[in-house]
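Just input08.csv here, CSV, C-alpha atoms:
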chain,number,residue,atom,x,y,z
A,1296,MET,CA,-27.3,24.6,9.9
A,1297,ILE,CA,-26.5,21.3,8.1
A,1298,TYR,CA,-24.7,22.9,5.2
A,1299,PRO,CA,-22.3,25.0,7.2
A,1300,LEU,CA,-21.6,22.0,9.4
A,1301,LEU,CA,-20.8,19.8,6.4
A,1302,THR,CA,-18.7,22.6,4.9
A,1303,LEU,CA,-16.7,23.0,8.1
A,1304,THR,CA,-16.3,19.2,8.5
A,1305,ARG,CA,-15.1,18.8,4.9
A,1306,ASN,CA,-12.6,21.8,5.1
A,1307,THR,CA,-11.3,20.6,8.4
A,1308,PHE,CA,-10.8,17.0,7.1
A,1309,LEU,CA,-8.9,18.3,4.1
A,1310,GLU,CA,-6.8,20.7,6.2
A,1311,SER,CA,-6.0,17.8,8.6
A,1312,ILE,CA,-4.7,15.3,6.0
A,1313,ARG,CA,-2.7,18.1,4.3
A,1314,GLN,CA,-0.7,18.7,7.4
A,1315,PRO,CA,2.9,17.4,7.1
A,1316,VAL,CA,2.8,16.0,10.6
A,1317,TYR,CA,-0.3,13.9,9.6
A,1318,THR,CA,1.6,12.3,6.7
A,1319,VAL,CA,4.7,11.7,8.8
A,1320,LEU,CA,2.8,10.0,11.6
A,1321,VAL,CA,0.7,7.8,9.3
A,1322,LEU,CA,3.8,6.7,7.4
A,1323,ALA,CA,5.7,6.2,10.7
A,1324,GLY,CA,2.7,4.1,11.8
A,1325,CYS,CA,2.8,2.0,8.6
A,1326,LEU,CA,6.6,1.6,8.8
A,1327,GLY,CA,6.4,0.6,12.5
A,1328,MET,CA,3.8,-2.0,11.7
A,1329,VAL,CA,6.0,-3.5,9.0
A,1330,LEU,CA,8.7,-4.0,11.6
A,1331,MET,CA,6.3,-5.6,14.1
A,1332,PRO,CA,6.9,-9.2,12.9
A,1333,SER,CA,10.6,-8.8,13.6
A,1334,LEU,CA,10.1,-7.1,16.9
A,1335,SER,CA,7.7,-9.9,18.1
A,1336,ALA,CA,10.0,-12.8,17.4
A,1337,TYR,CA,11.6,-13.0,20.9
A,1338,THR,CA,8.9,-13.8,23.3
A,1339,MET,CA,9.7,-17.5,23.6
A,1340,GLU,CA,6.0,-18.1,23.8
A,1341,ASP,CA,3.2,-17.2,21.3
A,1342,ASP,CA,4.9,-14.7,19.0
A,1343,ASP,CA,1.9,-14.2,16.8
A,1344,ARG,CA,-0.3,-13.3,19.7
A,1345,PHE,CA,2.3,-10.8,20.9
A,1346,LEU,CA,2.4,-9.4,17.4
A,1347,LEU,CA,-1.3,-8.7,17.5
A,1348,GLU,CA,-1.1,-7.0,20.9
A,1349,LEU,CA,1.9,-4.9,20.0
A,1350,GLY,CA,0.3,-3.9,16.7
A,1351,VAL,CA,-3.0,-2.8,18.3
A,1352,SER,CA,-1.0,-0.8,20.9
A,1353,TRP,CA,1.0,0.8,18.1
A,1354,VAL,CA,-2.2,1.9,16.3
A,1355,PHE,CA,-3.4,3.5,19.6
A,1356,MET,CA,-0.2,5.4,20.2
A,1357,VAL,CA,-0.1,6.7,16.6
A,1358,GLY,CA,-3.7,7.8,17.0
A,1359,VAL,CA,-3.0,9.6,20.3
A,1360,LEU,CA,-0.3,11.7,18.7
A,1361,LEU,CA,-2.4,12.4,15.6
A,1362,ALA,CA,-5.3,13.6,17.8
A,1363,ALA,CA,-3.1,16.1,19.6
A,1364,PHE,CA,-1.1,17.4,16.7
A,1365,THR,CA,-4.0,17.5,14.2
A,1366,ALA,CA,-6.4,19.2,16.6
A,1367,THR,CA,-3.8,21.9,17.4
A,1368,GLY,CA,-3.1,22.4,13.7
A,1369,VAL,CA,-6.7,23.0,12.8
A,1370,LEU,CA,-7.9,24.9,15.8
A,1371,SER,CA,-5.3,26.4,18.2
A,1372,ARG,CA,-3.2,27.8,15.3
A,1373,GLU,CA,-6.3,29.2,13.7
A,1374,ILE,CA,-7.3,30.9,16.9
A,1375,ASP,CA,-3.8,32.3,17.3
A,1376,ASN,CA,-3.7,33.6,13.8
A,1377,ARG,CA,-7.3,35.0,14.2
A,1378,THR,CA,-8.4,33.4,11.0
A,1379,VAL,CA,-11.2,32.0,13.0
A,1380,LEU,CA,-12.9,35.4,13.0
A,1381,ALA,CA,-13.5,35.1,9.3
A,1382,VAL,CA,-15.4,31.9,9.8
A,1383,LEU,CA,-17.4,33.1,12.7
A,1384,SER,CA,-18.5,36.2,10.9
A,1385,LYS,CA,-20.4,34.2,8.2
A,1386,PRO,CA,-22.2,33.9,10.8
A,1387,VAL,CA,-21.4,30.5,12.2
A,1388,ALA,CA,-22.3,29.8,15.8
A,1389,ARG,CA,-19.4,28.8,18.0
A,1390,PRO,CA,-20.8,25.4,19.0
A,1391,LEU,CA,-21.3,24.6,15.4
A,1392,PHE,CA,-17.7,25.6,14.7
A,1393,ILE,CA,-16.4,23.3,17.4
A,1394,LEU,CA,-18.5,20.4,16.2
A,1395,GLY,CA,-17.4,20.9,12.6
A,1396,LYS,CA,-13.7,21.0,13.7
A,1397,PHE,CA,-14.2,17.8,15.8
A,1398,LEU,CA,-16.0,15.9,13.0
A,1399,GLY,CA,-13.3,16.9,10.5
A,1400,VAL,CA,-10.4,15.8,12.7
A,1401,ALA,CA,-12.3,12.6,13.7
A,1402,LEU,CA,-12.7,11.7,10.1
A,1403,ALA,CA,-9.0,12.3,9.4
A,1404,MET,CA,-8.3,10.2,12.5
A,1405,ALA,CA,-10.5,7.4,11.2
A,1406,MET,CA,-8.7,7.3,7.9
A,1407,ALA,CA,-5.3,7.2,9.6
A,1408,VAL,CA,-6.4,4.4,11.9
A,1409,TRP,CA,-7.9,2.5,8.9
A,1410,THR,CA,-4.7,2.8,6.9
A,1411,VAL,CA,-2.4,1.7,9.7
A,1412,SER,CA,-4.8,-1.1,10.6
A,1413,MET,CA,-4.6,-2.5,7.0
A,1414,VAL,CA,-0.9,-2.8,7.4
A,1415,LEU,CA,-1.5,-4.5,10.7
A,1416,LEU,CA,-3.8,-7.1,9.0
A,1417,LEU,CA,-1.1,-7.7,6.4
A,1418,ALA,CA,1.5,-8.2,9.2
A,1419,VAL,CA,-0.8,-10.6,11.0
A,1420,ARG,CA,-1.3,-12.5,7.8
A,1421,HIS,CA,2.5,-12.7,7.3
A,1422,GLY,CA,3.1,-13.8,10.8
A,1423,VAL,CA,6.3,-13.8,12.9
A,1424,MET,CA,9.3,-15.6,11.4
A,1425,SER,CA,10.4,-17.2,14.7
A,1426,THR,CA,12.5,-20.0,13.1
A,1427,ALA,CA,14.4,-20.6,9.9
A,1428,ALA,CA,11.5,-22.9,8.9
A,1429,HIS,CA,9.2,-19.9,8.4
A,1430,THR,CA,9.4,-18.4,5.0
A,1431,VAL,CA,8.5,-14.9,3.7
A,1432,ASP,CA,4.9,-14.6,2.6
A,1433,TRP,CA,5.5,-13.0,-0.8
A,1434,VAL,CA,1.8,-12.5,-1.4
A,1435,VAL,CA,1.7,-10.0,1.5
A,1436,VAL,CA,5.0,-8.4,0.4
A,1437,LEU,CA,3.9,-8.0,-3.3
A,1438,PHE,CA,0.4,-6.7,-2.6
A,1439,GLY,CA,1.4,-4.4,0.2
A,1440,LEU,CA,4.4,-2.9,-1.6
A,1441,SER,CA,2.5,-2.5,-4.8
A,1442,ALA,CA,-0.2,-0.5,-2.9
A,1443,VAL,CA,2.5,1.9,-1.5
A,1444,LEU,CA,4.4,2.3,-4.8
A,1445,VAL,CA,1.2,2.9,-6.8
A,1446,GLY,CA,0.1,5.5,-4.2
A,1447,LEU,CA,3.4,7.3,-4.4
A,1448,LEU,CA,3.6,7.3,-8.2
A,1449,VAL,CA,0.0,8.5,-8.7
A,1450,ALA,CA,0.3,11.2,-6.0
A,1451,ALA,CA,3.5,12.5,-7.6
A,1452,TRP,CA,2.0,12.4,-11.1
A,1453,GLY,CA,-1.1,14.2,-9.9
A,1454,ASN,CA,0.9,16.8,-8.1
A,1455,TYR,CA,3.1,17.4,-11.2
A,1456,MET,CA,0.3,17.4,-13.8
A,1457,TYR,CA,-2.7,18.8,-12.0
A,1458,GLN,CA,-1.2,20.5,-8.9
A,1459,TRP,CA,-2.9,18.0,-6.5
A,1460,VAL,CA,-1.7,18.3,-2.9
A,1461,PHE,CA,0.8,15.5,-2.7
A,1462,THR,CA,0.3,14.7,1.0
A,1463,SER,CA,-3.5,14.5,1.1
A,1464,THR,CA,-3.6,12.6,-2.2
A,1465,LEU,CA,-1.1,10.1,-1.0
A,1466,MET,CA,-3.0,9.5,2.3
A,1467,ARG,CA,-6.2,8.8,0.4
A,1468,LEU,CA,-4.5,6.5,-2.1
A,1469,LEU,CA,-2.8,4.5,0.7
A,1470,ALA,CA,-6.1,4.0,2.5
A,1471,VAL,CA,-7.7,2.7,-0.7
A,1472,GLY,CA,-4.7,0.8,-2.0
A,1473,LEU,CA,-3.9,-1.0,1.2
A,1474,THR,CA,-7.6,-2.0,1.6
A,1475,VAL,CA,-7.4,-3.6,-1.9
A,1476,ALA,CA,-4.2,-5.4,-0.9
A,1477,VAL,CA,-5.9,-6.8,2.2
A,1478,MET,CA,-8.9,-7.9,0.2
A,1479,LEU,CA,-6.7,-9.7,-2.4
A,1480,THR,CA,-4.9,-11.6,0.4
A,1481,LEU,CA,-8.2,-13.0,1.4
A,1482,PHE,CA,-8.3,-14.9,-1.8
A,1483,VAL,CA,-4.6,-15.7,-2.4
A,1484,ALA,CA,-2.7,-18.1,-0.2
A,1485,ASP,CA,1.1,-18.2,0.3
A,1486,GLY,CA,2.5,-19.6,-2.9
A,1487,PHE,CA,0.0,-17.6,-5.0
A,1488,GLU,CA,-2.7,-20.2,-4.9
A,1489,PHE,CA,-6.4,-19.5,-4.7
A,1490,GLN,CA,-8.0,-20.0,-1.3
A,1491,SER,CA,-11.4,-19.4,0.2
A,1492,PRO,CA,-11.7,-16.1,2.1
A,1493,LEU,CA,-13.1,-18.1,5.0
A,1494,VAL,CA,-9.5,-19.3,5.7
A,1495,GLU,CA,-8.4,-15.7,6.7
A,1496,LEU,CA,-11.7,-15.1,8.5
A,1497,GLY,CA,-11.2,-18.2,10.7
A,1498,ALA,CA,-9.5,-18.5,14.0
A,1499,ALA,CA,-6.1,-19.1,12.5
A,1500,GLY,CA,-6.5,-16.3,9.8
A,1501,MET,CA,-5.6,-12.7,9.9
A,1502,MET,CA,-9.1,-11.7,11.0
A,1503,ARG,CA,-9.2,-14.2,14.0
A,1504,GLU,CA,-12.9,-14.8,13.6
A,1505,GLY,CA,-13.6,-11.1,13.5
A,1506,GLN,CA,-11.8,-10.4,16.8
A,1507,VAL,CA,-9.1,-8.2,15.1
A,1508,PRO,CA,-11.7,-5.8,13.4
A,1509,ILE,CA,-13.6,-5.6,16.7
A,1510,ALA,CA,-10.5,-4.8,18.6
A,1511,LEU,CA,-9.5,-2.1,16.1
A,1512,ALA,CA,-13.0,-0.6,16.3
A,1513,MET,CA,-12.7,-0.4,20.1
A,1514,VAL,CA,-9.3,1.4,19.7
A,1515,LEU,CA,-11.0,3.9,17.3
A,1516,LEU,CA,-13.7,4.6,19.8
A,1517,ALA,CA,-11.1,5.5,22.4
A,1518,LEU,CA,-9.3,7.7,19.9
A,1519,VAL,CA,-12.5,9.6,18.9
A,1520,PHE,CA,-12.9,10.4,22.6
A,1521,LEU,CA,-9.3,11.6,22.8
A,1522,THR,CA,-9.8,13.7,19.7
A,1523,ALA,CA,-12.6,15.5,21.5
A,1524,VAL,CA,-10.3,16.0,24.5
A,1525,ALA,CA,-7.6,17.4,22.2
A,1526,ILE,CA,-10.2,19.8,20.6
A,1527,ALA,CA,-11.2,21.0,24.0
A,1528,ALA,CA,-7.6,21.6,25.1
A,1529,SER,CA,-6.8,23.3,21.8
A,1530,THR,CA,-9.4,26.0,22.5
A,1531,ARG,CA,-7.1,27.4,25.2
A,1532,LEU,CA,-3.7,25.7,25.0
A,1533,THR,CA,-0.7,25.5,22.7
A,1534,GLN,CA,0.4,22.4,20.9
A,1535,VAL,CA,2.8,21.1,23.6
A,1536,MET,CA,0.2,21.6,26.3
A,1537,THR,CA,-2.5,20.0,24.2
A,1538,LEU,CA,-0.3,17.0,23.8
A,1539,SER,CA,0.4,16.9,27.5
A,1540,VAL,CA,-3.3,17.1,28.4
A,1541,THR,CA,-4.2,14.3,25.9
A,1542,LEU,CA,-1.4,12.1,27.2
A,1543,GLY,CA,-2.5,12.9,30.8
A,1544,VAL,CA,-6.1,11.7,30.0
A,1545,VAL,CA,-4.6,8.5,28.5
A,1546,VAL,CA,-2.6,7.8,31.7
A,1547,ILE,CA,-5.6,8.5,33.9
A,1548,GLY,CA,-7.8,6.3,31.8
A,1549,VAL,CA,-5.3,3.4,31.8
A,1550,ILE,CA,-4.9,3.5,35.6
A,1551,HIS,CA,-8.5,4.2,36.4
A,1552,HIS,CA,-9.1,0.9,38.2
A,1553,HIS,CA,-6.1,1.7,40.5
A,1554,LEU,CA,-7.5,5.2,41.2
A,1555,THR,CA,-11.0,3.9,42.0
A,1556,GLY,CA,-9.4,1.2,44.3
A,1557,ALA,CA,-7.5,3.9,46.2
A,1558,ALA,CA,-10.6,6.1,46.4
A,1559,ALA,CA,-12.7,3.3,47.8
A,1560,ALA,CA,-10.0,2.5,50.4
A,1561,GLU,CA,-9.6,6.1,51.5
A,1562,ALA,CA,-13.4,6.9,51.2
A,1563,GLY,CA,-12.5,10.6,51.5
A,1564,GLU,CA,-14.8,13.5,51.0
A,1565,PHE,CA,-13.9,13.9,47.3
A,1566,GLY,CA,-13.2,10.3,46.6
A,1567,TRP,CA,-16.3,10.0,44.5
A,1568,LEU,CA,-14.9,12.3,41.9
A,1569,VAL,CA,-12.5,9.6,40.8
A,1570,TYR,CA,-15.4,7.5,39.6
A,1571,GLY,CA,-16.3,10.2,37.1
A,1572,LEU,CA,-12.9,10.0,35.4
A,1573,PRO,CA,-12.7,8.2,32.0
A,1574,ASN,CA,-12.0,4.5,32.1
A,1575,LEU,CA,-10.1,3.6,29.0
A,1576,GLN,CA,-9.7,0.1,30.2
A,1577,LEU,CA,-13.3,-0.5,29.1
A,1578,LEU,CA,-12.2,0.5,25.5
A,1579,TRP,CA,-8.9,-1.4,25.5
A,1580,PRO,CA,-9.0,-4.9,23.8
A,1581,GLY,CA,-5.3,-5.8,24.4
A,1582,GLU,CA,-5.9,-8.1,27.4
A,1583,ALA,CA,-8.7,-9.9,25.7
A,1584,LEU,CA,-6.5,-10.5,22.7
A,1585,VAL,CA,-3.6,-11.8,24.8
A,1586,GLN,CA,-5.8,-14.1,26.9
A,1587,GLU,CA,-7.7,-15.2,23.7
A,1588,GLN,CA,-11.1,-14.1,25.2
A,1589,THR,CA,-13.9,-13.4,22.8
A,1590,ILE,CA,-15.0,-9.8,22.5
A,1591,THR,CA,-18.7,-10.0,21.7
A,1592,THR,CA,-20.7,-7.6,19.6
A,1593,GLY,CA,-22.8,-6.8,22.7
A,1594,TYR,CA,-19.7,-5.7,24.6
A,1595,LEU,CA,-18.7,-3.6,21.5
A,1596,ALA,CA,-22.1,-1.9,21.6
A,1597,GLY,CA,-21.7,-1.1,25.3
A,1598,ALA,CA,-18.2,0.2,24.7
A,1599,ALA,CA,-19.6,2.4,21.9
A,1600,ALA,CA,-22.3,3.8,24.2
A,1601,TYR,CA,-19.7,4.6,26.9
A,1602,ALA,CA,-17.4,6.2,24.4
A,1603,ALA,CA,-20.2,8.3,23.0
A,1604,CYS,CA,-21.0,9.6,26.5
A,1605,LEU,CA,-17.3,10.5,27.1
A,1606,THR,CA,-17.1,12.2,23.7
A,1607,ALA,CA,-20.2,14.2,24.4
A,1608,ALA,CA,-18.9,15.3,27.7
A,1609,ALA,CA,-15.5,16.4,26.2
A,1610,LEU,CA,-17.3,18.2,23.4
A,1611,THR,CA,-19.5,20.0,25.9
A,1612,LEU,CA,-16.4,21.2,27.7
A,1613,ALA,CA,-14.8,22.3,24.4
A,1614,ILE,CA,-17.9,24.3,23.5
A,1615,ALA,CA,-18.0,25.9,27.0
A,1616,LEU,CA,-14.3,26.8,26.8
A,1617,PHE,CA,-14.5,28.2,23.3
A,1618,GLN,CA,-17.7,30.1,24.1
A,1619,GLN,CA,-15.9,32.2,26.7
A,1620,ARG,CA,-12.7,32.6,24.6
A,1621,GLU,CA,-11.8,36.1,23.6
A,1622,LEU,CA,-10.9,36.2,19.9
A,1623,GLY,CA,-10.8,39.8,19.1
Spit out the file's structure as structure tokens when you get a sec.
Amino acid sequence: MIYPLLTLTRNTFLESIRQPVYTVLVLAGCLGMVLMPSLSAYTMEDDDRFLLELGVSWVFMVGVLLAAFTATGVLSREIDNRTVLAVLSKPVARPLFILGKFLGVALAMAMAVWTVSMVLLLAVRHGVMSTAAHTVDWVVVLFGLSAVLVGLLVAAWGNYMYQWVFTSTLMRLLAVGLTVAVMLTLFVADGFEFQSPLVELGAAGMMREGQVPIALAMVLLALVFLTAVAIAASTRLTQVMTLSVTLGVVVIGVIHHHLTGAAAAEAGEFGWLVYGLPNLQLLWPGEALVQEQTITTGYLAGAAAYAACLTAAALTLAIALFQQRELG
């Protein structure tokens, strides 16, 4: 059971990062993050705080699109082409097949979120150039641009010399290269002088005393759940409908507190059903970042448990839908 699951997960992960839409969305996410310091310069208040909130929101939106498009690419299209029959004839149980597809897409999602998050950290380190007194942080520019250029050159060279898949190679190189760039900026201050990494880990640094990594972890938890939702929708629906369902769950999750308030006011016969809907507000760190509230590790653990329950419920639905799906 373990070996088929690992094989399915690995193959799905590779299939996911090889999709052109995956590469386009990750690169769009990185490019959008590069533009965030400029887009955040007009708040007339705390531009850097707005940059952080806008950046986290951008990571989430890119992740939602990735979940829908990637899940459809590895599941719905495979069902329509009936190539799924070759896998299930191994034999591989249908629940194991769904679980392997979910884990593969979730790993691809995690790598995409990690990559875009590294660019967010570099953007936070650079800061918003609100006035003419603010200068370009050439350390961030040099390390970030070098990571991208090295990734492009190595991926192109590997594709030409060894027939490596350009898109998947580039995605993995960007994830590693941008991580190295962030690690280097911990030790190099603006002006290319050595600094203690504690500077960037502090309240005024790009890590904001660990609040930025915790916030991004919460976003990833929400996206893993939405990946499970997209997998469930892909068992029966097309790409457009899967995207619609995923966005619909996002909307319901965001306005959950309004729905529960309306249900409590009406107290109708089926009002209790509203309380069973996913509450993504519990997994959203944006308000805490804006109000400079501390997100504790205890809250993160509770959010992880809640996200695990939501994900398990979505996967159970996915297995039930796929179990009854006619594939012949």
Counting all atoms listed in the file, what is within 9 Å of Ala1510 of chain A, bar same-chain residues fewer than 3 positions away, as a ChimeraX atom specification? /A:1351,1505-1507,1513-1515,1578-1581,1583-1584,1590,1595
Could you tell me how far atom CA of Leu1417 of chain A lies from atom CA of Val1475 of chain A, in Å and to one decimal? 11.2 Å
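In this model, the gap between atom CA of Gly1395 of chain A and atom CA of Leu1612 of chain A comes to 15.1 Å.
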Report the distance between atom CA of Met1536 of chain A and atom CA of Leu1301 of chain A in Å, rounded to one decimal place.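 Atom CA of Leu1301 of chain A lies at a distance of 29.0 Å from atom CA of Met1536 of chain A.
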Counting only C-alpha atoms, closest pick from A:Glu1348, A:Glu1495, A:Asp1375, A:Glu1310 relative to Leu1532 of chain A is A:Asp1375
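Closest approach to Val1329 of chain A from the set A:Cys1604, A:Ile1393, A:Leu1577, A:Met1413 is made by A:Met1413, with distances taken over all atoms listed in the file.
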Given the point (-3.9, 3.7, 22.7) in the coordinates of this file, which residues lie within 10 Å, counting all atoms listed in the file, and how would they look as a list in words?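 I get Val1351, Ser1352, Trp1353, Val1354, Phe1355, Met1356, Val1357, Gly1358, Val1359, Leu1360, Val1514, Leu1515, Ala1517, Leu1518, Leu1521, Leu1542, Val1545, Val1546, Val1549, Leu1575, Leu1578, Trp1579 and Gly1581 of chain A for the residues within 10 Å of that point.
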I want to know what sits within 8 Å of Val1321 of chain A, based on only C-alpha atoms, with residues of the same chain fewer than 4 positions away left out; could you give that as a list in words?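 Contacts, in chain order: Tyr1317, Cys1325, Val1357, Ala1407, Thr1410 and Val1411 of chain A.
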Find the residues around Thr1302 of chain A up to 10 Å (all atoms listed in the file counted), leave out those fewer than 5 positions away in its own chain, and share them as a count of residues only. 5
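Near segment 1438-1447 of chain A, within 6 Å and counting all atoms listed in the file, sit Leu1465, Leu1468, Leu1469, Gly1472, Leu1473 and Ala1476 of chain A, not including residues fewer than 5 positions from it in the same chain.
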Which of these, A:Ala1613, A:Leu1347, A:Glu1373, A:Arg1313, has the shortest distance to Trp1459 of chain A once you count only C-alpha atoms?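 Nearest candidate to Trp1459 of chain A out of A:Ala1613, A:Leu1347, A:Glu1373, A:Arg1313: A:Arg1313.
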Name the residues within 7 Å of (-8.1, 15.7, -1.3), counting only C-alpha atoms in the file's coordinates, and put them as a ChimeraX atom specification. /A:1309,1463-1464
Proximity to Met1501 of chain A - best of A:Gly1486, A:Gly1368, A:Gly1422, A:Gly1571, all atoms listed in the file: A:Gly1422
Pick the closest to Val1434 of chain A from A:Arg1620, A:His1421, A:Arg1503, A:His1552: which is it, counting all atoms listed in the file? A:His1421
Name the residues in contact with Gln1534 of chain A at a cut-off of 12 Å, using all atoms listed in the file, excluding same-chain residues fewer than 6 positions from it; report them as a PyMOL selection string. chain A and resi 1360-1373+1375+1525-1526+1528+1540-1541
